[in-house]
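*Asks:* TSV, N, CA and C atoms, saved as entry-v8.tsv, coming up:
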```
chain	number	residue	atom	x	y	z
G	490	MET	N	82.08	116.26	121.99
G	490	MET	CA	83.20	115.63	121.29
G	490	MET	C	82.93	115.67	119.79
G	491	GLY	N	83.97	115.95	118.99
G	491	GLY	CA	83.83	116.06	117.55
G	491	GLY	C	83.71	114.72	116.87
G	492	THR	N	83.41	114.78	115.62
G	492	THR	CA	83.29	113.57	114.82
G	492	THR	C	84.67	113.11	114.36
G	493	PHE	N	84.71	111.92	113.81
G	493	PHE	CA	85.95	111.38	113.27
G	493	PHE	C	86.51	112.33	112.21
G	494	ARG	N	85.66	112.79	111.31
G	494	ARG	CA	86.09	113.70	110.24
G	494	ARG	C	86.66	115.00	110.81
G	495	ASP	N	86.05	115.51	111.85
G	495	ASP	CA	86.55	116.74	112.48
G	495	ASP	C	87.95	116.53	113.06
G	496	SER	N	88.17	115.38	113.64
G	496	SER	CA	89.47	115.08	114.24
G	496	SER	C	90.58	115.08	113.20
G	497	LEU	N	90.28	114.64	112.01
G	497	LEU	CA	91.29	114.52	110.96
G	497	LEU	C	91.85	115.86	110.51
G	498	THR	N	91.07	116.92	110.64
G	498	THR	CA	91.50	118.22	110.12
G	498	THR	C	92.70	118.79	110.86
G	499	SER	N	92.98	118.32	112.04
G	499	SER	CA	94.10	118.86	112.82
G	499	SER	C	95.42	118.14	112.56
G	500	PHE	N	95.42	117.09	111.76
G	500	PHE	CA	96.64	116.31	111.54
G	500	PHE	C	97.44	116.86	110.36
G	501	SER	N	98.76	116.82	110.52
G	501	SER	CA	99.61	117.32	109.44
G	501	SER	C	100.75	116.37	109.08
G	502	SER	N	100.91	115.30	109.82
G	502	SER	CA	102.02	114.38	109.53
G	502	SER	C	101.52	112.94	109.51
G	503	ALA	N	102.34	112.10	108.91
G	503	ALA	CA	102.01	110.67	108.88
G	503	ALA	C	101.92	110.13	110.31
G	504	GLU	N	102.82	110.60	111.17
G	504	GLU	CA	102.80	110.16	112.56
G	504	GLU	C	101.49	110.53	113.25
G	505	ASP	N	100.96	111.72	112.95
G	505	ASP	CA	99.68	112.13	113.54
G	505	ASP	C	98.59	111.13	113.19
G	506	PHE	N	98.50	110.77	111.92
G	506	PHE	CA	97.48	109.82	111.47
G	506	PHE	C	97.70	108.44	112.07
G	507	LEU	N	98.94	107.97	112.03
G	507	LEU	CA	99.25	106.63	112.55
G	507	LEU	C	98.95	106.54	114.05
G	508	ASN	N	99.32	107.56	114.79
G	508	ASN	CA	99.05	107.56	116.24
G	508	ASN	C	97.56	107.62	116.52
G	509	PHE	N	96.85	108.51	115.85
G	509	PHE	CA	95.41	108.66	116.08
G	509	PHE	C	94.67	107.36	115.77
G	510	LEU	N	95.07	106.70	114.68
G	510	LEU	CA	94.41	105.46	114.27
G	510	LEU	C	94.98	104.24	114.98
G	511	GLN	N	95.94	104.46	115.87
G	511	GLN	CA	96.56	103.42	116.69
G	511	GLN	C	97.16	102.30	115.83
G	512	ILE	N	97.87	102.73	114.79
G	512	ILE	CA	98.57	101.79	113.91
G	512	ILE	C	100.03	101.77	114.35
G	513	PRO	N	100.52	100.61	114.79
G	513	PRO	CA	101.93	100.53	115.20
G	513	PRO	C	102.84	100.75	113.99
G	514	TYR	N	103.96	101.43	114.23
G	514	TYR	CA	104.88	101.71	113.13
G	514	TYR	C	106.31	101.84	113.64
G	515	ASP	N	107.23	101.63	112.72
G	515	ASP	CA	108.66	101.80	112.97
G	515	ASP	C	108.98	103.25	112.60
G	516	GLU	N	109.52	104.01	113.55
G	516	GLU	CA	109.81	105.42	113.31
G	516	GLU	C	110.74	105.63	112.13
G	517	HIS	N	111.71	104.77	111.97
G	517	HIS	CA	112.66	104.93	110.87
G	517	HIS	C	111.95	104.81	109.51
G	518	VAL	N	111.06	103.85	109.38
G	518	VAL	CA	110.33	103.67	108.12
G	518	VAL	C	109.53	104.92	107.81
G	519	VAL	N	108.88	105.48	108.81
G	519	VAL	CA	108.05	106.67	108.60
G	519	VAL	C	108.93	107.89	108.32
G	520	GLN	N	110.03	108.03	109.03
G	520	GLN	CA	110.92	109.18	108.81
G	520	GLN	C	111.44	109.22	107.38
G	521	VAL	N	111.76	108.07	106.84
G	521	VAL	CA	112.32	108.00	105.49
G	521	VAL	C	111.24	108.13	104.41
G	522	ASN	N	110.02	107.69	104.73
G	522	ASN	CA	108.98	107.57	103.70
G	522	ASN	C	107.68	108.33	104.00
G	523	ARG	N	107.69	109.26	104.92
G	523	ARG	CA	106.42	109.87	105.38
G	523	ARG	C	105.59	110.45	104.24
G	524	LEU	N	106.18	111.19	103.33
G	524	LEU	CA	105.41	111.77	102.22
G	524	LEU	C	104.89	110.69	101.28
G	525	HIS	N	105.70	109.68	101.06
G	525	HIS	CA	105.30	108.58	100.19
G	525	HIS	C	104.13	107.81	100.79
G	526	ILE	N	104.17	107.59	102.09
G	526	ILE	CA	103.09	106.87	102.78
G	526	ILE	C	101.79	107.67	102.67
G	527	LEU	N	101.86	108.97	102.93
G	527	LEU	CA	100.65	109.79	102.86
G	527	LEU	C	100.11	109.89	101.43
G	528	LYS	N	101.01	109.99	100.46
G	528	LYS	CA	100.56	110.05	99.06
G	528	LYS	C	99.92	108.74	98.65
G	529	ARG	N	100.51	107.62	99.03
G	529	ARG	CA	99.95	106.31	98.72
G	529	ARG	C	98.58	106.15	99.39
G	530	PHE	N	98.48	106.59	100.64
G	530	PHE	CA	97.21	106.56	101.37
G	530	PHE	C	96.16	107.38	100.62
G	531	HIS	N	96.52	108.55	100.19
G	531	HIS	CA	95.61	109.41	99.42
G	531	HIS	C	95.18	108.72	98.13
G	532	ASP	N	96.12	108.09	97.43
G	532	ASP	CA	95.81	107.38	96.19
G	532	ASP	C	94.85	106.22	96.44
G	533	TYR	N	95.11	105.45	97.49
G	533	TYR	CA	94.21	104.34	97.84
G	533	TYR	C	92.82	104.86	98.19
G	534	LEU	N	92.77	105.94	98.93
G	534	LEU	CA	91.49	106.52	99.34
G	534	LEU	C	90.69	107.02	98.14
G	535	ARG	N	91.36	107.61	97.18
G	535	ARG	CA	90.69	108.11	95.97
G	535	ARG	C	90.04	106.99	95.17
G	536	ARG	N	90.56	105.80	95.26
G	536	ARG	CA	90.02	104.65	94.51
G	536	ARG	C	88.75	104.08	95.14
G	537	GLU	N	88.48	104.47	96.37
G	537	GLU	CA	87.31	103.94	97.09
G	537	GLU	C	86.04	104.66	96.65
G	538	ASP	N	84.95	103.91	96.58
G	538	ASP	CA	83.66	104.48	96.22
G	538	ASP	C	82.88	104.85	97.47
G	539	ASN	N	82.07	105.88	97.37
G	539	ASN	CA	81.11	106.26	98.41
G	539	ASN	C	81.72	106.56	99.77
G	540	VAL	N	82.93	107.09	99.80
G	540	VAL	CA	83.58	107.41	101.07
G	540	VAL	C	82.77	108.45	101.84
G	541	ASP	N	82.22	109.41	101.13
G	541	ASP	CA	81.46	110.49	101.79
G	541	ASP	C	80.21	109.98	102.49
G	542	SER	N	79.70	108.83	102.06
G	542	SER	CA	78.48	108.31	102.66
G	542	SER	C	78.72	107.41	103.88
G	543	LEU	N	79.98	107.14	104.20
G	543	LEU	CA	80.30	106.26	105.33
G	543	LEU	C	80.09	106.98	106.66
G	544	ASP	N	79.60	106.24	107.64
G	544	ASP	CA	79.50	106.81	108.99
G	544	ASP	C	80.90	106.79	109.61
G	545	ASP	N	81.03	107.44	110.76
G	545	ASP	CA	82.35	107.57	111.38
G	545	ASP	C	83.04	106.23	111.64
G	546	GLY	N	82.30	105.24	112.10
G	546	GLY	CA	82.89	103.93	112.39
G	546	GLY	C	83.43	103.25	111.15
G	547	ASP	N	82.64	103.26	110.09
G	547	ASP	CA	83.08	102.64	108.84
G	547	ASP	C	84.24	103.42	108.21
G	548	LEU	N	84.18	104.75	108.30
G	548	LEU	CA	85.25	105.57	107.75
G	548	LEU	C	86.56	105.32	108.50
G	549	LYS	N	86.47	105.22	109.81
G	549	LYS	CA	87.68	104.94	110.60
G	549	LYS	C	88.25	103.59	110.22
G	550	SER	N	87.41	102.58	110.07
G	550	SER	CA	87.88	101.25	109.67
G	550	SER	C	88.57	101.29	108.31
G	551	LEU	N	87.99	102.04	107.38
G	551	LEU	CA	88.59	102.19	106.05
G	551	LEU	C	89.94	102.88	106.15
G	552	TYR	N	90.02	103.95	106.93
G	552	TYR	CA	91.28	104.67	107.09
G	552	TYR	C	92.35	103.77	107.71
G	553	VAL	N	91.98	103.00	108.72
G	553	VAL	CA	92.95	102.10	109.35
G	553	VAL	C	93.45	101.09	108.32
G	554	ARG	N	92.55	100.50	107.56
G	554	ARG	CA	92.94	99.50	106.57
G	554	ARG	C	93.86	100.09	105.50
G	555	LEU	N	93.48	101.25	104.95
G	555	LEU	CA	94.25	101.84	103.85
G	555	LEU	C	95.57	102.44	104.31
G	556	LEU	N	95.59	103.05	105.50
G	556	LEU	CA	96.85	103.60	105.99
G	556	LEU	C	97.81	102.48	106.40
G	557	THR	N	97.29	101.42	106.97
G	557	THR	CA	98.13	100.26	107.28
G	557	THR	C	98.73	99.69	106.01
G	558	GLN	N	97.92	99.55	104.98
G	558	GLN	CA	98.39	99.04	103.69
G	558	GLN	C	99.46	99.97	103.11
G	559	SER	N	99.23	101.28	103.18
G	559	SER	CA	100.19	102.27	102.66
G	559	SER	C	101.51	102.18	103.40
G	560	TYR	N	101.44	102.10	104.71
G	560	TYR	CA	102.65	101.97	105.53
G	560	TYR	C	103.39	100.68	105.20
G	561	GLN	N	102.65	99.57	105.12
G	561	GLN	CA	103.27	98.27	104.83
G	561	GLN	C	103.95	98.25	103.46
G	562	ASP	N	103.43	99.00	102.51
G	562	ASP	CA	104.07	99.07	101.19
G	562	ASP	C	105.52	99.51	101.32
G	563	PHE	N	105.80	100.39	102.29
G	563	PHE	CA	107.15	100.91	102.44
G	563	PHE	C	107.96	100.18	103.50
G	564	VAL	N	107.33	99.31	104.26
G	564	VAL	CA	108.07	98.42	105.16
G	564	VAL	C	108.76	97.36	104.31
G	565	HIS	N	108.08	96.90	103.29
G	565	HIS	CA	108.57	95.80	102.46
G	565	HIS	C	109.20	96.26	101.16
G	566	SER	N	109.26	97.56	100.91
G	566	SER	CA	109.81	98.08	99.67
G	566	SER	C	110.43	99.45	99.97
G	567	ASP	N	110.69	100.20	98.90
G	567	ASP	CA	111.25	101.54	99.09
G	567	ASP	C	110.61	102.51	98.11
G	568	ALA	N	110.90	103.78	98.28
G	568	ALA	CA	110.26	104.82	97.48
G	568	ALA	C	110.57	104.69	95.99
G	569	VAL	N	111.78	104.32	95.66
G	569	VAL	CA	112.15	104.19	94.25
G	569	VAL	C	111.38	103.04	93.60
G	570	SER	N	111.25	101.93	94.29
G	570	SER	CA	110.53	100.78	93.75
G	570	SER	C	109.03	101.04	93.66
G	571	GLU	N	108.48	101.73	94.64
G	571	GLU	CA	107.04	101.97	94.69
G	571	GLU	C	106.58	103.06	93.72
G	572	LYS	N	107.47	103.99	93.39
G	572	LYS	CA	107.19	105.04	92.41
G	572	LYS	C	105.87	105.77	92.65
G	573	VAL	N	105.71	106.28	93.85
G	573	VAL	CA	104.48	106.99	94.21
G	573	VAL	C	104.41	108.34	93.51
G	574	PHE	N	105.54	109.02	93.42
G	574	PHE	CA	105.56	110.35	92.82
G	574	PHE	C	106.04	110.29	91.37
G	575	LYS	N	105.54	111.20	90.58
G	575	LYS	CA	105.82	111.27	89.15
G	575	LYS	C	107.32	111.30	88.84
G	576	ILE	N	108.09	111.95	89.67
G	576	ILE	CA	109.52	112.08	89.43
G	576	ILE	C	110.22	110.73	89.34
G	577	PHE	N	109.73	109.73	90.06
G	577	PHE	CA	110.35	108.41	90.01
G	577	PHE	C	110.06	107.72	88.68
G	578	HIS	N	108.92	108.02	88.08
G	578	HIS	CA	108.62	107.47	86.75
G	578	HIS	C	109.52	108.14	85.71
G	579	GLN	N	109.73	109.44	85.83
G	579	GLN	CA	110.57	110.16	84.89
G	579	GLN	C	112.02	109.71	85.03
G	580	ALA	N	112.45	109.42	86.24
G	580	ALA	CA	113.82	108.97	86.47
G	580	ALA	C	114.08	107.64	85.77
G	581	GLN	N	113.05	106.85	85.58
G	581	GLN	CA	113.17	105.56	84.90
G	581	GLN	C	113.04	105.72	83.39
G	582	GLY	N	112.88	106.95	82.91
G	582	GLY	CA	112.71	107.18	81.49
G	582	GLY	C	111.28	107.01	81.03
G	583	VAL	N	110.36	106.87	81.94
G	583	VAL	CA	108.95	106.74	81.59
G	583	VAL	C	108.34	108.13	81.67
G	584	SER	N	108.34	108.80	80.55
G	584	SER	CA	107.79	110.14	80.49
G	584	SER	C	107.13	110.30	79.14
G	585	HIS	N	106.19	111.20	79.07
G	585	HIS	CA	105.53	111.42	77.79
G	585	HIS	C	105.15	112.88	77.65
G	586	VAL	N	104.99	113.28	76.43
G	586	VAL	CA	104.53	114.62	76.11
G	586	VAL	C	103.26	114.46	75.32
G	587	THR	N	102.20	115.11	75.77
G	587	THR	CA	100.94	115.02	75.04
G	587	THR	C	101.00	115.88	73.79
G	588	ILE	N	100.21	115.54	72.81
G	588	ILE	CA	100.23	116.23	71.52
G	588	ILE	C	99.91	117.72	71.67
G	589	ASP	N	99.10	118.08	72.62
G	589	ASP	CA	98.75	119.49	72.80
G	589	ASP	C	99.91	120.32	73.37
G	590	LYS	N	100.96	119.67	73.86
G	590	LYS	CA	102.13	120.37	74.39
G	590	LYS	C	103.20	120.62	73.31
G	591	ILE	N	103.00	120.05	72.14
G	591	ILE	CA	103.98	120.22	71.07
G	591	ILE	C	103.60	121.45	70.25
G	592	ALA	N	104.55	122.38	70.12
G	592	ALA	CA	104.29	123.61	69.36
G	592	ALA	C	104.54	123.37	67.89
G	593	ARG	N	103.72	124.00	67.09
G	593	ARG	CA	103.90	123.92	65.63
G	593	ARG	C	105.09	124.79	65.24
G	594	VAL	N	106.01	124.23	64.48
G	594	VAL	CA	107.18	124.94	64.00
G	594	VAL	C	106.82	125.66	62.71
G	595	PRO	N	107.07	126.98	62.62
G	595	PRO	CA	106.74	127.69	61.39
G	595	PRO	C	107.59	127.20	60.22
G	596	ASN	N	107.01	127.17	59.07
G	596	ASN	CA	107.68	126.72	57.85
G	596	ASN	C	108.46	127.90	57.26
G	597	ASP	N	109.78	127.74	57.07
G	597	ASP	CA	110.62	128.82	56.54
G	597	ASP	C	110.44	129.01	55.05
G	598	ASN	N	109.77	128.13	54.36
G	598	ASN	CA	109.62	128.20	52.91
G	598	ASN	C	108.44	129.06	52.48
G	599	SER	N	107.83	129.80	53.38
G	599	SER	CA	106.66	130.60	53.03
G	599	SER	C	107.04	131.82	52.26
```
For this file, produce the structure as structure tokens.

*Replies:*
Amino acid sequence: MGTFRDSLTSFSSAEDFLNFLQIPYDEHVVQVNRLHILKRFHDYLRREDNVDSLDDGDLKSLYVRLLTQSYQDFVHSDAVSEKVFKIFHQAQGVSHVTIDKIARVPNDNS
């Protein structure tokens, strides 16, 4: 039998992860927010320290906790309010251009 990490490589949908981790969910919430839930889960996971050093049991517990939290974010809110993806920040007018993206305009008085 494979390890917990090996099992994860075969999953491609939010439902796959939720079912494998035995997290109860409302199909409608997942259908509407599946990409947002997975992105939020990824963001939460990135904030964790020493994930690579966890054994399978501890890693599974962490995944259950973070995926449950990610799912619950969208049970009690929506994608526009949660602003998981950059496009939702831009839609609110929150956008910026870094100085290195601004081109120097040639001076016509040369």

*Asks:* Suppose you want the space between atom C of G:Asp538 and atom C of G:Leu551; what is it in Å?

*Replies:*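 So the answer is 11.4 Å.
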
*Asks:* Do you know which residues are at most 6.5 Å from stretch 503-513 of chain G counting only N, CA and C atoms, after dropping those on the same chain fewer than 4 positions away, and could you put them as an NGL selection string?

*Replies:* :G and (523 or 527 or 553)

*Asks:* So how far away is atom CA of G:Val518 from atom CA of G:Val564, in Å?

*Replies:*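 Taking atom CA of G:Val564 as the start and atom CA of G:Val518 as the end point, the length is 6.4 Å.
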
*Asks:* Compare G:Arg554, G:Tyr514, G:Gln561, G:Asp544 by their minimum atom-to-atom distance to G:Arg494, counting only N, CA and C atoms, and give me the closest one.

*Replies:*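 Under the stated criterion, the closest residue is G:Asp544.
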
*Asks:* What is the distance, in Å and to one decimal place, between atom CA of G:Gly546 and atom CA of G:Val519?

*Replies:* 25.6 Å

*Asks:* With only N, CA and C atoms as the basis for distance, which of G:Glu516, G:Asn539, G:Ile526, G:Leu497 is at the shortest distance from G:Ser559?

*Replies:*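 Of G:Glu516, G:Asn539, G:Ile526, G:Leu497, the one nearest G:Ser559, counting only N, CA and C atoms, is G:Ile526.
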